[in-house]
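Input: a single structure, listed below in structure tokens.
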Amino acid sequence: MNKNYFNWLIKSRKISILFFILIYIAFQLIPFSTFDSYSAKDTFVTSANIGCFLSMLMTVALPVFLFSYIHRKSSADMFLSMPVSRREQLITNLVFTWLMSYGSFFIGTTLVWVARTLNVIPVRMWLSLQVFTAFALIVLILVHSAVYNLANSIFDGIVMIGAYALLPAIAGLSVTSFLYSMIAGKNVPDDSFVNQLGTFLSPLAMSFINIGAILEPDYSDATFNYYYLIPMIMFAIIAAALLKLNFINRKAERAGQISDNPLSYPFIINIYLVLILLDLAWTVVSDGPEDLLFFYLLLFFIYVISSFVYKRTLKISVRPIAFFVCACILTIGFARVGWITEGFGLSNLPYNLFSEPYLYYEYRADAKIENLGEDTAARDDANENAAKDYAQVNFTLEIPADRKDEYKNIIDLMEDYRHKSKSNFYTRDIGDESSVYFEVYNKMDKDTYRYDNYYSYSSTSPLSEKELLEISKYCSINVDVYNYGKDSDGDYYIDDSNEMSLTEFIARRSSAK
Amino acid sequence: MLKIEHLSKNFGKKEVLKDLNLTVANKSIVGLVGINGAGKSTLLRSIAGVYAPEQGSITLDGRSTYTDMSAKKEIAFVSDDAYFPMGATINSTKLYYQCMYNFDEAAYQKYLNMFKLDPKASIATFSKGMKRRVSLIFALSIHAKLLLLDEAYDGLEPIARLHFKNALTDLLEDEDVSVIISSHSLKELEDICDSFAMLENGNIMTGGDLSESKEHINKYQLAFRDPHTREDFRDFDILQYENEGQVYKLVIRGDSDDIEARLRAMDPMLLNILPVNFEELFIYELESRGERV
């Protein structure tokens, strides 16, 4: 770090710094406007969350502000000719950003803690929060600085930060889309790499999850993930290497040029394209291309406009068009392979029925009144052809692990149905609709809202009445009968439903005949 | 002493400076001239340590101007497009130079008075010439051993130019400083520079002591009874040749006494020798280069 440069950074901005710290602390004190001693902990948590949000915002804003001089020719002349080496400039800028973002957080949270919440927030929690936040802010500052330095102009730098911040979400969306379209049961374990891909790619998400786990261990869905520290450290190392390449060894003449660094626009535009195309490809292969042609066309236009923004010219060349077409073909081909291999084999992963003390089978189907084993799609469409009365059958079968022997027969029945559902998923005709929702999951105890090993099967046929009667020996099965009526204009509408048990339904249906 | 050896600099595939060599002695003022795009600003930025040399080296008293921060501290670079942060005043800019350089408050006050600028006014409201004056005030106030002035006179009105020339002359008298000035105003450079370097296509086309160079190139007006052609003057290093009737105007490079003697041997009716100024020197050199190309 360069002392002279650091002094200049502080002295030249002392009023702004002071003003900012005061504003920052004022924001953190907002929750105290409704303070009461019973919810002191909540007040601290809200205050700390506000601080986290503001500090993380600063990890974006300050690098943009401090490194902007490399993006303008005139300021590059001034700052790169000053007697401070690039390495020292880099370290000083990073340290200044960290001191501002973490320093404000430290002052704010300490003030709140010492002033009103000392008795409800244990020292251990406060310390964990400080240590992890200090670490997370270092990682975020490095990552955001590295991403900003990939570009050659301020605008492009800001676009890069936004694009890289959103990239994990797009990747996560593609994974979710893959799970829903390609995997029968849609389950891949929550803690698997595939399921956490989006989180692993986002130091911001990992930071927020772990800070949430420190602040609210009782409510947070996840406990503090120590294994997040590894990808975060890896991100920091990669960012440091990129900063060496794009700041210390940067060619000053890049200022104001188009951002053609391989990791800036060329990478961002193409990775976004591929991920969104994959999103579409999963659906094209599993559900057919209907309704998606418009999205392909829209994506093409967005892709072309992005190229214009990147190259700052309205010239269209053949290369990106060819790349787009090839990417479409390859992603659909890849998705096809995924379909043939039943989600690259992921749908055949072994599972443990009783990984938790309770096993649940949840079922819902819109069935024909005359035969509950036959599906109907006629529910909400109040048109003449579809307006037929139907019955919605639903049940939740709860099986305690310690009594699983008593439930052996029903478990076998449900597991057979599960295998049939899985098989149906891959053999159904494209466009076939199903109203059946069949879910299997585990719980720690009956009353908790949390569940694990969640499997959800759609595109299957309903359980037969014989099977339903067998199941009704172990749990109650509800049947809601929906009748269509006709209003004065002759339009169909759904009357209130009649709710009854399965046996009652069968009895009523027999008497009606 | 500034020493540039085999300096090359590329912008992508474009070679802007090619195997350039230049030495600037202490207490000398070098005028850097060349057509637009010749590489003047690139050379100054390379010397200032903004651009990394692709090949070769630039040293100030034996220290690299790119990697050695003690050398950089002794270089004042006034860019052709000076940067001042948003809302900056002369007072706030002073802080930067105080923190980074060997800032001399007395010298600063002297030049501030000389250039008559309000230190509290926002620089954003200044004209181009006033901004140039701000840059010059700070460049002159940091005890630099090497002053790099890109388009030094750009935007300066005549009085400010005069003040600046005087300030530079005083500085050279008092301190061990070298100056490299690039400008398109060759007349201004002629008044102040003791040597020059002419850049073309990224290399020093010609250079050296300005007075000597000017002495070495002269205009000769001749009149002959018999018609002559350019071929008759083939033994001279002609930079420019013009003929109207019996009158011949030639710009010839070489020792003027020797050339005069040889021309007189051709028995002219009239022979006048006229000196060239820096601007003409530049034009003739460029034209002669063009002919050779």
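We name chains A, B, ... following the order of the structure tokens; residues begin at 1 in each chain, and ligands are numbered from 1 as shown.
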
Please, which residues in chain B fall within 8 Å of chain A when counting only C-alpha atoms, and what is the closest atom pair and distance in Å to one decimal for each, ordered by chain then residue number, as a tab-separated table?
residue	atom	partner	partner_atom	distance
B:Phe11	CA	A:Glu253	CA	7.4
B:Arg45	CA	A:Asp77	CA	7.3
B:Ala48	CA	A:Ser81	CA	5.6
B:Gly49	CA	A:Ser81	CA	5.4
B:Val50	CA	A:Leu80	CA	5.1
B:Tyr51	CA	A:Ala252	CA	5.8
B:Ala52	CA	A:Lys251	CA	7.0
B:Thr67	CA	A:Ser85	CA	7.2
B:Met69	CA	A:Pro83	CA	4.8
B:Ser70	CA	A:Pro83	CA	6.9
B:Ala71	CA	A:Pro83	CA	7.9
B:Lys72	CA	A:Pro83	CA	5.0
B:Lys73	CA	A:Pro83	CA	5.0
B:Phe77	CA	A:Ser81	CA	7.4
B:Ser79	CA	A:Asp77	CA	6.7
B:Asp81	CA	A:Ser74	CA	5.5
B:Ala82	CA	A:Ser74	CA	5.7
B:Tyr83	CA	A:Ser74	CA	5.1
B:Phe84	CA	A:Ser75	CA	7.7
B:Ser92	CA	A:Ser12	CA	7.1
B:Leu95	CA	A:Trp8	CA	7.0
B:Tyr96	CA	A:Trp8	CA	6.2
B:Cys99	CA	A:Asn4	CA	5.4
B:Met100	CA	A:Asn4	CA	6.1
B:Tyr101	CA	A:Pro83	CA	7.7

request  = Excluding Ile50 in chain A and residues on its chain fewer than 4 positions from it, collect all residues at most 7 Å away from it, counting only C-alpha atoms, and give them as number ranges by chain.
outcome  = A: 28, 46, 54

Residues as selected, C-alpha atoms, written as a compact mmCIF listing (two decimals), in the first residue's frame, can you do that?
# COMPACT_ATOMS: atom_id res chain seq x y z
CA GLN A 28 -28.59 1.21 10.50
CA THR A 46 -32.51 -5.86 10.82
CA LEU A 54 -25.08 -1.09 2.24

key: Residue neighbourhood range 186-192 of chain B, 8 Å, only C-alpha atoms, exclusion window fewer than 2 positions, as an MDAnalysis selection string   = chainID B and resid 29 31 33 165 169 181 183:184 194 210 277:279

task = List the neighbours of range 108-124 of chain B out to 7 Å using only C-alpha atoms; skip same-chain residues closer than 5 positions along the sequence, and give me the result as a list in words.
result =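 Skipping anything fewer than 5 positions along the chain leaves Gly87, Ala88, Thr89, Ile90, Asn91, Lys131, Arg133, Ile137, Phe138, Ser141 and Ala160 of chain B.
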
inquiry  = Env of His6 in chain B: 12 Å cut, atoms = only C-alpha atoms, seq-sep filter 4 positions within chain, self excluded. Answer as an NGL selection string.
reply    = :B and (17-23 or 53-59 or 202-204)

query = Leaving out Leu229 in chain A and any residue of its chain fewer than 4 positions from it, which residues lie within 10 Å of it when counting only C-alpha atoms, given as a VMD selection string?
reply = chain A and resid 132 135 to 136 203 206 to 207 210 225 233 to 235

request  = Run DSSP on the backbone and give me the residues of range 53-245 of chain B it puts in helix (DSSP H, G or I), as a VMD selection string.
outcome  = chain B and resid 69 to 72 90 to 100 105 to 115 123 to 125 128 to 140 158 to 174 186 to 192 210 to 216 230 to 233

request  = List every residue of range 43-110 of chain B that DSSP, applied to the backbone, labels as strand (DSSP E or B), and write the result as a list in words.
outcome  =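 Answer for range 43-110 of chain B, restricted to strand (DSSP E or B): Gln55, Gly56, Ser57, Ile58, Thr59, Leu60, Arg63, Ser64, Ile75, Ala76, Phe77, Val78 and Thr89 of chain B.
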
Go ahead and save the residues from that selection, with N, CA and C atoms, as an mmCIF file, in the first residue's frame.
data_model
loop_
_atom_site.group_PDB
_atom_site.id
_atom_site.type_symbol
_atom_site.label_atom_id
_atom_site.label_comp_id
_atom_site.auth_asym_id
_atom_site.auth_seq_id
_atom_site.Cartn_x
_atom_site.Cartn_y
_atom_site.Cartn_z
ATOM 1 N N GLN B 55 9.233 -2.853 -26.471
ATOM 2 C CA GLN B 55 10.661 -3.203 -26.516
ATOM 3 C C GLN B 55 11.470 -1.958 -26.190
ATOM 4 N N GLY B 56 12.713 -2.162 -25.793
ATOM 5 C CA GLY B 56 13.592 -1.039 -25.526
ATOM 6 C C GLY B 56 13.420 -0.491 -24.122
ATOM 7 N N SER B 57 14.095 0.622 -23.872
ATOM 8 C CA SER B 57 14.055 1.177 -22.517
ATOM 9 C C SER B 57 14.048 2.703 -22.552
ATOM 10 N N ILE B 58 13.472 3.243 -21.486
ATOM 11 C CA ILE B 58 13.491 4.693 -21.292
ATOM 12 C C ILE B 58 14.029 4.925 -19.886
ATOM 13 N N THR B 59 15.137 5.629 -19.777
ATOM 14 C CA THR B 59 15.709 5.848 -18.445
ATOM 15 C C THR B 59 15.962 7.334 -18.212
ATOM 16 N N LEU B 60 15.735 7.727 -16.971
ATOM 17 C CA LEU B 60 16.065 9.080 -16.537
ATOM 18 C C LEU B 60 17.185 8.932 -15.516
ATOM 19 N N ARG B 63 17.496 5.391 -14.429
ATOM 20 C CA ARG B 63 16.350 4.710 -13.802
ATOM 21 C C ARG B 63 15.194 4.630 -14.783
ATOM 22 N N SER B 64 14.543 3.459 -14.824
ATOM 23 C CA SER B 64 13.424 3.276 -15.756
ATOM 24 C C SER B 64 12.270 4.210 -15.385
ATOM 25 N N ILE B 75 9.334 13.405 -12.843
ATOM 26 C CA ILE B 75 8.793 13.724 -14.169
ATOM 27 C C ILE B 75 7.448 14.437 -14.009
ATOM 28 N N ALA B 76 7.339 15.584 -14.651
ATOM 29 C CA ALA B 76 6.041 16.280 -14.682
ATOM 30 C C ALA B 76 5.497 16.153 -16.093
ATOM 31 N N PHE B 77 4.308 15.569 -16.188
ATOM 32 C CA PHE B 77 3.727 15.332 -17.514
ATOM 33 C C PHE B 77 2.452 16.156 -17.659
ATOM 34 N N VAL B 78 2.469 17.041 -18.632
ATOM 35 C CA VAL B 78 1.251 17.804 -18.930
ATOM 36 C C VAL B 78 0.673 17.228 -20.216
ATOM 37 N N THR B 89 -10.953 22.247 -7.705
ATOM 38 C CA THR B 89 -10.464 23.621 -7.788
ATOM 39 C C THR B 89 -8.935 23.536 -7.818
#

Atom-to-atom span, CA of Phe67 in chain A and CA of Tyr228 in chain A, Å =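 About the pair CA of Phe67 in chain A and CA of Tyr228 in chain A: they are 28.3 Å apart.
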
task = Pick out the closest residue to Ala144 in chain B from this set: B:Glu215, B:Tyr97, B:Lys249, B:Glu287. Count only C-alpha atoms.
result = B:Tyr97

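For the set A:Lys466, A:His144, A:Arg116, A:His71, the residue with the smallest atom-to-atom gap to Tyr38 in chain A is A:Arg116, counting only C-alpha atoms.
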